[in-house]
Structure formats: structure tokens, C-alpha cells
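J.: Take a look at the following structure, please.
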Amino acid sequence: AKDVWIVKLNGSGEMEWEKTFGSNFEDEANNILVAKNGNLFITGYQMTQQSSTIEMWTMMLSPTGDMMWNKKFGGYFRCYGQAAVETKNGFAVAGYLKPGSQDKFKNEKARVIMVDEKGNLLWDKILGGEEEAHATDIIASEDGGIVVIGYNAMNGNTDMWMIKMDNKGASIKEELLGDIETDKGTSITKIGFGNMVICGNTSSSITNSDDILIIGFDASGKILWKTTVGGPLNEHPYKVIASPDGGFVVASEQCTHYLYNSQPVKCEMNIVKF
């Protein structure tokens with residue numbers, strides 16, 4: 001069995017408390033945030049049958065780590081929560097589902113839900129076309145809605161994907177960002193003046209490696225700038241956060257190529273400030 005493990009540290013890095021939550025099977029937390037009231041909102045997934053059904057899992061903890069409530073959202077063979085954000089209406093969770101043979105979908109789909117402060121479902125949206133689509137990160141927008149990023153495959157091509165939604169889950173604007181290469185969005189953050197920054201992966205035919213694609217947008221979703229960072233190694237971005245000076249920081253890893261021999265792949269942490 002694999003359980004969710006939550007650890008609270010003080011400002012000196014000393015442990016104040018730790019908690020584990022889970023079932024008899026496989027459970028994982030993918031995102032945690034501090035709510036405005038000081039409670040902790042967590043999302044991930046919980047396996048409800050051995051090597052079988054997985055449900056999107058949300059839970060609320062007190063500031064001392066005590067479970068206040070937990071809710072699971074399934075309906076499909078396997079459902080995963082990847083990221084969450086607090087909004088005026090509650091908490092929005094972004095993730096994806098893997099359909100089974102009995103589900104109406106043939107490929108993986110992005111899934112975005114909104115729950116209230118008690119974990120009650122307000123709305124549930126399945127997003128994507130005929131091919132694979134994932135939602136990987138989410139932020140609250142200035143107008144009370146949300147912005148979701150991830151990737152969407154169409155006609156054999158995979159593009160970075162951004163969807164702007166209102167507070168009832170209706171899609172307002174949708175953008176596919178990329179070129180003939182494979183591009184996947186991994187993280188989004190807000191910076192000054194309502195602008196946003198997205199980072200993700202792009203497969204480069206020039207360097208024959210995976211590079212970091214970073215795109216800046218204004219509050220309406222208009223592209224302001226676009227840049228690629230990388231070299232001969234494979235770069236994989238995991239998180240972008242805003243910095244106090246109006247810039248942003250990207251956390252990623254750099255890995256050597258797999259050469260189909262006995263040499264192991266070597267990876268290092270990489271932090272880049274913009």
C-alpha cells in the first residue's frame with residue numbers, strides 16, 4: 001500500500017507534525033494549498049479496488065493536520081487530481097481521467113471540478129477532443145473565473161493547451177499553443193498587472209532534446225511573448241512561481257539522453273530566474 005504523507009515544518013525546517021492518510025491500496029497527493037482560513041486543501045487520487053478503479057481525491061485538513069472531510073470523485077475507470085486553486089466559490093481541481101472498456105470515452109480526457117468549502121460538488125467538466133488531453137495546473141483569474149493549462153492531442157499532434165473558464169465551468173476561451181513538435185503545459189502562475197506565465201515541455205528537432213517552453217500572457221489570454229530554454233540535455237519543467245520583483249522562477253530537471261545501453265540516465269535539479 002502507498003499512503004498520502006503530509007509533513008508540517010516550522011521556519012527552521014524542524015518538523016511540527018506529520019500525518020498519513022490512505023486506504024488498503026494506492027493513494028497519492030499531488031497538490032496542497034493553504035486556504036484563506038488557514039486550513040489545508042489537498043488533491044490527488046485514491047485506489048478503491050486493487051490494481052483497478054482510481055478516484056480523484058480531495059480532502060481538507062485543519063492547521064494542525066486533523067482531517068475535516070474527504071471526498072472522492074469517480075464515475076470513470078481511473079480519475080486523478082493534479083492541481084487545485086481556491087476561488088470565490090470554493091476550490092477548483094484540475095486533473096484527468098483514464099477511461100475503461102465500459103466508459104464512453106476511448107482516450108484520456110481533462111477533468112475540472114469545483115467543490116464548495118465542505119467538499120460538495122458544484123460542477124464537473126470533461127474537456128478535450130477525440131485524442132488524449134490532460135489538465136495539469138490551474139489558477140484563479142482576475143474576473144472570478146479560472147485558467148486551466150495542460151495539453152491536447154489532435155490529428156496526431158500534441159499542443160500546449162490553455163482554457164479560460166467562468167465560475168460556473170463554462171469555457172470562455174481556448175488556445176492551442178505550439179508548433180509541429182510535441183508541446184505540453186505543466187505549470188501556470190500569475191505575475192504583475194494580471195499577466196500570466198505558462199511553462200511546459202517542447203520537443204525540439206534542432207537540439208534533438210526536450211526543452212522548456214515559456215509563454216507570457218495578459219489577463220485576456222493574449223500572448224505577450226514566447227521563449228524556449230534548453231540545450232543538448234533533456235529539460236523538464238515542473239513548476240513556475242511568481243517572484244516579489246515581478247519576475248518568475250522555473251524549477252526543472254536536466255537529464256542526459258537514454259542511449260539504449262548500460263549507461264544510466266543522470267538528472268539534476270535546475271532553478272532558473274527570469
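Residue numbering restarts at 1 in every chain; chains get A, B, ... in the order shown in the C-alpha cells, and ligands count up from 1 in that same order.
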Report as a Markdown table: every residue of segment 193-212 of chain A with an atom at most 9 Å from segment 248-265 of chain A, its closest pair of atoms, and their distance in Å to one decimal, counting only C-alpha atoms, with rows sorted by chain and ascending residue number.
T.:
```
| residue | atom | partner | partner_atom | distance |
| --- | --- | --- | --- | --- |
| A:Val197 | CA | A:Phe248 | CA | 8.2 |
| A:Cys199 | CA | A:Val250 | CA | 7.8 |
| A:Ser209 | CA | A:His257 | CA | 8.0 |
| A:Ile212 | CA | A:Ser252 | CA | 8.6 |
```
J.: Applying 7 Å and only C-alpha atoms, which residues near Ala83 of chain A remain after dropping the ones on its own chain fewer than 5 positions away? List them as a PyMOL selection string.
T.: chain A and resi 30-31+43+93-95+136-138
J.: Keeping only N, CA, C and O atoms, write those residues as a PDB file, in the first residue's frame.
T.:
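result34.pdb was written with the following content:
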```pdb
ATOM      1  N   ASN A  30      -1.065  15.016  -4.917  1.00  0.00           N
ATOM      2  CA  ASN A  30      -0.323  15.718  -5.963  1.00  0.00           C
ATOM      3  C   ASN A  30      -0.252  17.220  -5.752  1.00  0.00           C
ATOM      4  O   ASN A  30       0.556  17.887  -6.395  1.00  0.00           O
ATOM      5  N   ASN A  31      -1.095  17.767  -4.867  1.00  0.00           N
ATOM      6  CA  ASN A  31      -1.111  19.214  -4.679  1.00  0.00           C
ATOM      7  C   ASN A  31      -1.663  19.554  -3.300  1.00  0.00           C
ATOM      8  O   ASN A  31      -2.580  18.883  -2.832  1.00  0.00           O
ATOM      9  N   THR A  43      -5.331  17.599  -2.993  1.00  0.00           N
ATOM     10  CA  THR A  43      -5.937  16.780  -4.034  1.00  0.00           C
ATOM     11  C   THR A  43      -4.935  15.772  -4.549  1.00  0.00           C
ATOM     12  O   THR A  43      -3.722  15.981  -4.505  1.00  0.00           O
ATOM     13  N   VAL A  93     -10.439  21.978  -8.984  1.00  0.00           N
ATOM     14  CA  VAL A  93      -9.429  20.932  -9.107  1.00  0.00           C
ATOM     15  C   VAL A  93      -9.285  20.557 -10.575  1.00  0.00           C
ATOM     16  O   VAL A  93     -10.289  20.325 -11.273  1.00  0.00           O
ATOM     17  N   ALA A  94      -8.048  20.487 -11.049  1.00  0.00           N
ATOM     18  CA  ALA A  94      -7.762  20.092 -12.428  1.00  0.00           C
ATOM     19  C   ALA A  94      -7.071  18.732 -12.424  1.00  0.00           C
ATOM     20  O   ALA A  94      -6.227  18.456 -11.571  1.00  0.00           O
ATOM     21  N   GLY A  95      -7.420  17.902 -13.380  1.00  0.00           N
ATOM     22  CA  GLY A  95      -6.804  16.583 -13.480  1.00  0.00           C
ATOM     23  C   GLY A  95      -7.177  15.916 -14.777  1.00  0.00           C
ATOM     24  O   GLY A  95      -7.412  16.564 -15.791  1.00  0.00           O
ATOM     25  N   THR A 136      -3.179  19.964 -16.189  1.00  0.00           N
ATOM     26  CA  THR A 136      -2.048  19.773 -15.286  1.00  0.00           C
ATOM     27  C   THR A 136      -1.908  20.849 -14.213  1.00  0.00           C
ATOM     28  O   THR A 136      -1.307  20.608 -13.176  1.00  0.00           O
ATOM     29  N   ASP A 137      -2.451  22.053 -14.450  1.00  0.00           N
ATOM     30  CA  ASP A 137      -2.345  23.112 -13.445  1.00  0.00           C
ATOM     31  C   ASP A 137      -3.504  24.082 -13.620  1.00  0.00           C
ATOM     32  O   ASP A 137      -4.175  24.097 -14.666  1.00  0.00           O
ATOM     33  N   ILE A 138      -3.718  24.917 -12.590  1.00  0.00           N
ATOM     34  CA  ILE A 138      -4.895  25.785 -12.589  1.00  0.00           C
ATOM     35  C   ILE A 138      -4.630  26.995 -11.702  1.00  0.00           C
ATOM     36  O   ILE A 138      -3.941  26.887 -10.684  1.00  0.00           O
TER      37      ILE A 138
END
```
J.: From the options A:Ser23, A:Asn39, A:Ser203, A:Asn167, which residue's atoms come nearest to Ile54 of chain A, counting only C-alpha atoms?
T.: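 The shortest atom-to-atom distance to Ile54 of chain A comes from A:Ser23.
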J.: In Å, how far is it from atom CA of Glu181 of chain A to atom CA of Asn270 of chain A?
T.: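 Distance reported for this atom pair: 23.2 Å.
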J.: Would you list the contacts of Ala29 of chain A as number ranges by chain, taking every protein, DNA or RNA residue within 12 Å and counting only C-alpha atoms, but skipping same-chain residues closer than 4 positions in sequence?
T.: A: 2-6, 20-22, 33, 41-47, 56-59, 80-84
J.: Could you jot down the atom CA of Gly75 of chain A to atom CA of Val147 of chain A separation for me, Å, one decimal place?
T.: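 Interatomic distance here is 24.0 Å.
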